[in-house]
>>> print(open('run-v1.json').read())   # JSON, C-alpha atoms
[["chain", "number", "residue", "atom", "x", "y", "z"],
["A", 1, "ASP", "CA", -57.33, -31.57, 1.14],
["A", 2, "GLN", "CA", -56.48, -33.36, 4.35],
["A", 3, "GLN", "CA", -58.66, -36.46, 4.55],
["A", 4, "VAL", "CA", -57.75, -37.38, 8.13],
["A", 5, "LYS", "CA", -57.63, -34.67, 10.75],
["A", 6, "GLN", "CA", -56.58, -34.64, 14.36],
["A", 7, "ASN", "CA", -57.61, -31.19, 15.44],
["A", 8, "SER", "CA", -55.92, -31.23, 18.83],
["A", 9, "PRO", "CA", -52.14, -31.04, 18.49],
["A", 10, "SER", "CA", -51.68, -31.73, 22.18],
["A", 11, "LEU", "CA", -53.48, -33.06, 25.24],
["A", 12, "SER", "CA", -52.45, -33.08, 28.88],
["A", 13, "VAL", "CA", -54.07, -35.43, 31.38],
["A", 14, "GLN", "CA", -53.50, -36.36, 34.99],
["A", 15, "GLU", "CA", -52.36, -39.89, 35.74],
["A", 16, "GLY", "CA", -55.31, -42.18, 36.44],
["A", 17, "ARG", "CA", -57.80, -40.08, 34.49],
["A", 18, "ILE", "CA", -59.20, -40.76, 31.03],
["A", 19, "SER", "CA", -57.44, -39.57, 27.88],
["A", 20, "ILE", "CA", -59.64, -39.04, 24.84],
["A", 21, "LEU", "CA", -57.98, -38.47, 21.48],
["A", 22, "ASN", "CA", -60.12, -37.53, 18.52],
["A", 23, "CYS", "CA", -59.89, -38.02, 14.79],
["A", 24, "ASP", "CA", -62.13, -36.92, 11.92],
["A", 25, "TYR", "CA", -62.11, -38.10, 8.33],
["A", 26, "THR", "CA", -63.76, -36.97, 5.13],
["A", 27, "ASN", "CA", -63.45, -39.90, 2.74],
["A", 28, "SER", "CA", -66.48, -42.20, 3.03],
["A", 29, "MET", "CA", -64.51, -44.95, 1.27],
["A", 30, "PHE", "CA", -62.35, -45.45, 4.34],
["A", 31, "ASP", "CA", -63.37, -48.74, 5.94],
["A", 32, "TYR", "CA", -60.58, -49.51, 8.38],
["A", 33, "PHE", "CA", -59.06, -47.28, 11.02],
["A", 34, "LEU", "CA", -55.98, -47.60, 13.16],
["A", 35, "TRP", "CA", -54.24, -45.80, 15.98],
["A", 36, "TYR", "CA", -50.46, -45.71, 16.22],
["A", 37, "LYS", "CA", -48.28, -44.55, 19.08],
["A", 38, "LYS", "CA", -44.91, -42.91, 18.56],
["A", 39, "TYR", "CA", -42.17, -42.28, 21.08],
["A", 40, "PRO", "CA", -39.33, -39.85, 20.28],
["A", 41, "ALA", "CA", -36.62, -41.28, 18.01],
["A", 42, "GLU", "CA", -38.72, -44.35, 17.23],
["A", 43, "GLY", "CA", -41.05, -45.28, 14.42],
["A", 44, "PRO", "CA", -44.80, -45.42, 15.10],
["A", 45, "THR", "CA", -46.12, -48.69, 16.45],
["A", 46, "PHE", "CA", -49.58, -50.10, 15.97],
["A", 47, "LEU", "CA", -51.89, -49.73, 18.95],
["A", 48, "ILE", "CA", -55.46, -50.66, 18.09],
["A", 49, "SER", "CA", -57.74, -50.81, 15.07],
["A", 50, "ILE", "CA", -61.40, -50.91, 14.14],
["A", 51, "SER", "CA", -63.28, -52.02, 11.08],
["A", 52, "SER", "CA", -66.11, -49.89, 9.74],
["A", 53, "ILE", "CA", -68.56, -52.71, 10.49],
["A", 54, "LYS", "CA", -68.01, -52.12, 14.21],
["A", 55, "ASP", "CA", -68.53, -49.13, 16.44],
["A", 56, "LYS", "CA", -66.26, -50.15, 19.29],
["A", 57, "ASN", "CA", -63.13, -52.17, 19.83],
["A", 58, "GLU", "CA", -61.52, -52.64, 23.22],
["A", 59, "ASP", "CA", -58.06, -53.88, 24.16],
["A", 60, "GLY", "CA", -57.15, -53.53, 27.79],
["A", 61, "ARG", "CA", -56.95, -49.87, 28.74],
["A", 62, "PHE", "CA", -57.48, -48.80, 25.13],
["A", 63, "THR", "CA", -60.86, -48.48, 23.42],
["A", 64, "VAL", "CA", -61.54, -47.08, 19.98],
["A", 65, "PHE", "CA", -64.98, -45.79, 19.10],
["A", 66, "LEU", "CA", -66.19, -45.23, 15.55],
["A", 67, "ASN", "CA", -69.11, -43.01, 14.57],
["A", 68, "LYS", "CA", -69.53, -43.57, 10.84],
["A", 69, "SER", "CA", -72.34, -41.09, 10.37],
["A", 70, "ALA", "CA", -70.19, -38.36, 11.87],
["A", 71, "LYS", "CA", -66.99, -39.68, 10.25],
["A", 72, "HIS", "CA", -65.38, -39.51, 13.64],
["A", 73, "LEU", "CA", -63.34, -41.86, 15.74],
["A", 74, "SER", "CA", -61.82, -41.55, 19.15],
["A", 75, "LEU", "CA", -59.28, -43.37, 21.28],
["A", 76, "HIS", "CA", -59.94, -43.66, 25.00],
["A", 77, "ILE", "CA", -57.19, -44.58, 27.41],
["A", 78, "VAL", "CA", -58.39, -45.50, 30.88],
["A", 79, "PRO", "CA", -56.66, -45.14, 33.26],
["A", 80, "SER", "CA", -53.93, -43.02, 31.75],
["A", 81, "GLN", "CA", -50.35, -43.72, 32.80],
["A", 82, "PRO", "CA", -47.19, -41.60, 32.46],
["A", 83, "GLY", "CA", -45.82, -44.23, 30.06],
["A", 84, "ASP", "CA", -48.68, -43.43, 27.70],
["A", 85, "SER", "CA", -47.07, -40.05, 27.00],
["A", 86, "ALA", "CA", -46.35, -40.12, 23.28],
["A", 87, "VAL", "CA", -47.62, -38.87, 19.93],
["A", 88, "TYR", "CA", -50.75, -40.69, 18.79],
["A", 89, "PHE", "CA", -51.55, -40.92, 15.09],
["A", 90, "CYS", "CA", -54.89, -41.83, 13.63],
["A", 91, "ALA", "CA", -54.84, -43.62, 10.25],
["A", 92, "ALA", "CA", -57.58, -44.53, 7.81],
["A", 93, "ILE", "CA", -57.60, -46.98, 4.94],
["A", 94, "ASN", "CA", -59.77, -47.82, 1.97],
["A", 95, "THR", "CA", -58.96, -51.52, 1.97],
["A", 96, "ASN", "CA", -59.68, -51.71, -1.76],
["A", 97, "ALA", "CA", -56.89, -49.21, -2.40],
["A", 98, "GLY", "CA", -54.67, -50.20, 0.51],
["A", 99, "LYS", "CA", -52.91, -46.94, 1.21],
["A", 100, "SER", "CA", -52.93, -45.64, 4.79],
["A", 101, "THR", "CA", -53.70, -41.97, 5.29],
["A", 102, "PHE", "CA", -52.47, -40.49, 8.56],
["A", 103, "GLY", "CA", -53.52, -37.54, 10.65],
["A", 104, "ASP", "CA", -50.95, -35.07, 11.94],
["A", 105, "GLY", "CA", -50.87, -36.62, 15.40],
["A", 106, "THR", "CA", -51.76, -35.57, 18.94],
["A", 107, "THR", "CA", -49.10, -35.30, 21.60],
["A", 108, "LEU", "CA", -50.40, -36.79, 24.84],
["A", 109, "THR", "CA", -48.74, -35.90, 28.11],
["A", 110, "VAL", "CA", -49.80, -37.83, 31.19],
["A", 111, "LYS", "CA", -48.71, -36.07, 34.35],
["A", 112, "PRO", "CA", -47.88, -38.10, 37.48],
["B", 1, "GLY", "CA", -33.90, -59.00, 12.04],
["B", 2, "ALA", "CA", -37.64, -59.43, 12.15],
["B", 3, "GLY", "CA", -38.59, -55.78, 11.84],
["B", 4, "VAL", "CA", -38.36, -53.06, 9.22],
["B", 5, "SER", "CA", -34.79, -51.87, 8.91],
["B", 6, "GLN", "CA", -33.75, -48.47, 7.62],
["B", 7, "SER", "CA", -30.30, -47.19, 6.84],
["B", 8, "PRO", "CA", -28.57, -44.97, 7.54],
["B", 9, "SER", "CA", -30.14, -43.97, 10.84],
["B", 10, "ASN", "CA", -28.70, -40.48, 10.50],
["B", 11, "LYS", "CA", -27.45, -38.60, 7.45],
["B", 12, "VAL", "CA", -25.97, -35.14, 7.25],
["B", 13, "THR", "CA", -25.46, -33.83, 3.74],
["B", 14, "GLU", "CA", -24.57, -30.59, 2.06],
["B", 15, "LYS", "CA", -27.17, -28.67, 0.16],
["B", 16, "GLY", "CA", -27.20, -29.69, -3.48],
["B", 17, "LYS", "CA", -25.90, -33.22, -2.92],
["B", 18, "ASP", "CA", -27.90, -36.35, -3.69],
["B", 19, "VAL", "CA", -28.85, -38.82, -0.95],
["B", 20, "GLU", "CA", -30.14, -42.37, -1.01],
["B", 21, "LEU", "CA", -32.13, -43.86, 1.85],
["B", 22, "ARG", "CA", -32.67, -47.58, 2.19],
["B", 23, "CYS", "CA", -35.53, -49.63, 3.59],
["B", 24, "ASP", "CA", -35.58, -53.37, 4.19],
["B", 25, "PRO", "CA", -39.19, -54.38, 4.84],
["B", 26, "ILE", "CA", -40.37, -57.39, 6.77],
["B", 27, "SER", "CA", -40.00, -60.50, 4.64],
["B", 28, "GLY", "CA", -43.21, -61.39, 2.84],
["B", 29, "HIS", "CA", -44.77, -57.96, 3.20],
["B", 30, "THR", "CA", -46.13, -56.87, -0.16],
["B", 31, "ALA", "CA", -46.94, -53.28, 0.77],
["B", 32, "LEU", "CA", -44.29, -50.66, 1.47],
["B", 33, "TYR", "CA", -44.70, -47.00, 2.33],
["B", 34, "TRP", "CA", -42.41, -44.02, 2.66],
["B", 35, "TYR", "CA", -43.42, -41.13, 4.91],
["B", 36, "ARG", "CA", -41.68, -37.95, 5.95],
["B", 37, "GLN", "CA", -42.00, -36.20, 9.28],
["B", 38, "ARG", "CA", -40.66, -32.71, 9.60],
["B", 39, "LEU", "CA", -39.90, -31.35, 13.04],
["B", 40, "GLY", "CA", -43.13, -30.75, 14.95],
["B", 41, "GLN", "CA", -45.31, -31.92, 12.10],
["B", 42, "GLY", "CA", -47.31, -35.03, 11.22],
["B", 43, "LEU", "CA", -46.64, -37.92, 8.89],
["B", 44, "GLU", "CA", -46.49, -36.81, 5.29],
["B", 45, "PHE", "CA", -47.18, -39.58, 2.77],
["B", 46, "LEU", "CA", -44.60, -39.84, -0.01],
["B", 47, "ILE", "CA", -45.03, -43.08, -1.96],
["B", 48, "TYR", "CA", -46.73, -46.49, -1.68],
["B", 49, "PHE", "CA", -45.74, -49.77, -3.31],
["B", 50, "GLN", "CA", -48.12, -52.73, -3.42],
["B", 51, "GLY", "CA", -46.89, -55.93, -4.99],
["B", 52, "ASN", "CA", -46.32, -55.58, -8.72],
["B", 53, "SER", "CA", -48.80, -52.73, -9.12],
["B", 54, "ALA", "CA", -47.67, -49.33, -10.28],
["B", 55, "PRO", "CA", -46.60, -47.34, -7.21],
["B", 56, "ASP", "CA", -48.72, -44.51, -5.86],
["B", 57, "LYS", "CA", -46.34, -41.57, -6.17],
["B", 58, "SER", "CA", -48.93, -38.92, -5.40],
["B", 59, "GLY", "CA", -47.14, -37.76, -2.25],
["B", 60, "LEU", "CA", -43.72, -37.07, -3.73],
["B", 61, "PRO", "CA", -43.18, -33.31, -3.23],
["B", 62, "SER", "CA", -41.09, -32.65, -6.32],
["B", 63, "ASP", "CA", -39.29, -34.35, -9.18],
["B", 64, "ARG", "CA", -36.16, -34.35, -7.05],
["B", 65, "PHE", "CA", -37.70, -37.24, -5.14],
["B", 66, "SER", "CA", -37.89, -40.76, -6.50],
["B", 67, "ALA", "CA", -38.21, -44.24, -5.08],
["B", 68, "GLU", "CA", -37.65, -47.73, -6.34],
["B", 69, "ARG", "CA", -38.52, -51.13, -5.00],
["B", 70, "THR", "CA", -36.97, -54.40, -6.08],
["B", 71, "GLY", "CA", -39.78, -56.91, -6.28],
["B", 72, "GLU", "CA", -41.22, -57.22, -2.79],
["B", 73, "SER", "CA", -37.99, -56.49, -0.99],
["B", 74, "VAL", "CA", -35.64, -53.55, -0.58],
["B", 75, "SER", "CA", -36.71, -50.02, -1.41],
["B", 76, "THR", "CA", -34.58, -46.95, -1.89],
["B", 77, "LEU", "CA", -35.72, -43.35, -1.68],
["B", 78, "THR", "CA", -33.50, -40.95, -3.59],
["B", 79, "ILE", "CA", -33.46, -37.20, -3.12],
["B", 80, "GLN", "CA", -31.51, -35.28, -5.73],
["B", 81, "ARG", "CA", -30.03, -31.81, -5.22],
["B", 82, "THR", "CA", -31.07, -31.74, -1.58],
["B", 83, "GLN", "CA", -32.47, -28.54, -0.10],
["B", 84, "GLN", "CA", -32.65, -27.47, 3.53],
["B", 85, "GLU", "CA", -36.40, -28.01, 3.56],
["B", 86, "ASP", "CA", -35.76, -31.69, 2.87],
["B", 87, "SER", "CA", -34.45, -32.03, 6.43],
["B", 88, "ALA", "CA", -36.77, -34.44, 8.20],
["B", 89, "VAL", "CA", -37.13, -37.96, 9.50],
["B", 90, "TYR", "CA", -37.93, -40.33, 6.65],
["B", 91, "LEU", "CA", -39.96, -43.31, 7.80],
["B", 92, "CYS", "CA", -40.49, -46.55, 5.95],
["B", 93, "ALA", "CA", -43.29, -48.99, 6.78],
["B", 94, "SER", "CA", -44.39, -52.32, 5.42],
["B", 95, "SER", "CA", -47.54, -54.36, 5.76],
["B", 96, "PRO", "CA", -48.54, -57.86, 4.70],
["B", 97, "GLY", "CA", -50.89, -56.53, 2.06],
["B", 98, "PRO", "CA", -53.76, -54.17, 1.38],
["B", 99, "VAL", "CA", -56.28, -56.26, 3.31],
["B", 100, "ASN", "CA", -54.21, -56.93, 6.40],
["B", 101, "THR", "CA", -53.64, -53.32, 7.09],
["B", 102, "GLU", "CA", -51.45, -52.87, 10.15],
["B", 103, "ALA", "CA", -48.21, -51.20, 9.09],
["B", 104, "PHE", "CA", -44.89, -51.87, 10.76],
["B", 105, "PHE", "CA", -42.53, -48.94, 10.83],
["B", 106, "GLY", "CA", -38.78, -48.71, 10.84],
["B", 107, "GLN", "CA", -36.99, -46.32, 13.15],
["B", 108, "GLY", "CA", -36.48, -43.82, 10.40],
["B", 109, "THR", "CA", -33.59, -41.98, 8.82],
["B", 110, "ARG", "CA", -32.94, -38.53, 10.17],
["B", 111, "LEU", "CA", -31.78, -36.39, 7.26],
["B", 112, "THR", "CA", -30.14, -33.05, 7.91],
["B", 113, "VAL", "CA", -29.27, -30.82, 4.98],
["B", 114, "VAL", "CA", -26.74, -28.13, 5.86]]
>>> encode(input="run-v1.json", output="structure tokens")
Amino acid sequence: DQQVKQNSPSLSVQEGRISILNCDYTNSMFDYFLWYKKYPAEGPTFLISISSIKDKNEDGRFTVFLNKSAKHLSLHIVPSQPGDSAVYFCAAINTNAGKSTFGDGTTLTVKP
Amino acid sequence: GAGVSQSPSNKVTEKGKDVELRCDPISGHTALYWYRQRLGQGLEFLIYFQGNSAPDKSGLPSDRFSAERTGESVSTLTIQRTQQEDSAVYLCASSPGPVNTEAFFGQGTRLTVV
């Protein structure tokens, strides 16, 4: 039973437009959510996070939205840049248990 | 260094041999994770250490896999009698603790079983 799902394996966007990456979860005990970015031959790096007490967190071009009732979160990148091309992983945590659960990732390609 | 360090960065081994992968977490980080990423697939959880608590081994795929952690420092992931399906990138991550939840990843060990 996969508790964190990223249903789109890939996404292609034109430079300057908005990229929207989606993530769904099933475990209502998750109370903290993170997005990681991974370039080839490197480990994932933390991008942005959101606590379950919020519905939006913004950091520059990156905004994460959380819809708790739908158990859905999304990452918006505006405007998208070619350097944003990478694999994006969504992760969810029950902070009482501590373990991060990752989705399978979405490969974003931003075309110049 | 200041980051998570994994060694070796690449390992080619013959089927049936044992391998040991090493992870040096960031100093002071109490939580340590091992993940596996097969080619074209997502991050597969293997094992989680948190302080002195019993590790969460629920992700280990078979009894050929084991991991140890010395206190809150180095961890080793051992794969016995390697099989071709064990070929993957093995990623280690550490975080300051269960509450502060951002994980810092190493660059991974690429294991190829031939």
>>> atom_distance(input="run-v1.json", atom1="CA of Gly98 (chain A)", atom2="CA of Asn57 (chain A)")
21.2 Å
>>> closest_atom_pairs(input="run-v1.json", of="chain B", to="chain A", cutoff="8 Å", atoms="all atoms listed in the file", output="tab-separated table")
residue	atom	partner	partner_atom	distance
B:Gln41	CA	A:Asp104	CA	6.5
B:Gly42	CA	A:Asp104	CA	3.7
B:Leu43	CA	A:Asp104	CA	6.0
B:Glu44	CA	A:Phe102	CA	7.7
B:Phe45	CA	A:Thr101	CA	7.4
B:Tyr48	CA	A:Lys99	CA	6.8
B:Leu91	CA	A:Gly43	CA	7.0
B:Gly97	CA	A:Gly98	CA	7.5
B:Pro98	CA	A:Gly98	CA	4.2
B:Val99	CA	A:Thr95	CA	5.6
B:Thr101	CA	A:Gly98	CA	7.4
B:Glu102	CA	A:Phe46	CA	6.7
B:Ala103	CA	A:Phe46	CA	7.1
B:Phe104	CA	A:Thr45	CA	6.6
B:Phe105	CA	A:Gly43	CA	5.3
B:Gly106	CA	A:Gly43	CA	5.5
B:Gln107	CA	A:Gly43	CA	4.4
B:Gly108	CA	A:Gly43	CA	6.3
>>> residues_around(input="run-v1.json", residues="Ser5 (chain B)", least_positions_apart="2", cutoff="12 Å", atoms="all atoms listed in the file", output="list in words")
Glu42 and Gly43 of chain A; Gly1, Ala2, Gly3, Ser7, Pro8, Ser9, Leu21, Arg22, Cys23, Asp24, Pro25, Ile26, Ser27, Ser73, Val74, Ser75, Thr76, Leu91, Cys92, Ala93, Ser94, Phe104, Phe105, Gly106, Gln107, Gly108 and Thr109 of chain B
>>> atom_distance(input="run-v1.json", atom1="CA of Ile47 (chain B)", atom2="CA of Ile53 (chain A)")
28.3 Å
>>> atom_distance(input="run-v1.json", atom1="CA of Val12 (chain B)", atom2="CA of Lys38 (chain A)")
23.4 Å
>>> closest_residue(input="run-v1.json", among="B:Gly71, B:Pro96, B:Gly28, B:Gly16", to="Ser53 (chain B)", atoms="only C-alpha atoms")
B:Gly71
>>> closest_residue(input="run-v1.json", among="A:Glu58, A:Tyr39, A:Ser19, A:Tyr25", to="Val78 (chain A)", atoms="all atoms listed in the file")
A:Ser19
>>> closest_residue(input="run-v1.json", among="A:Cys23, A:Leu73, A:Ser85, A:Lys37", to="Lys54 (chain A)", atoms="only C-alpha atoms")
A:Leu73
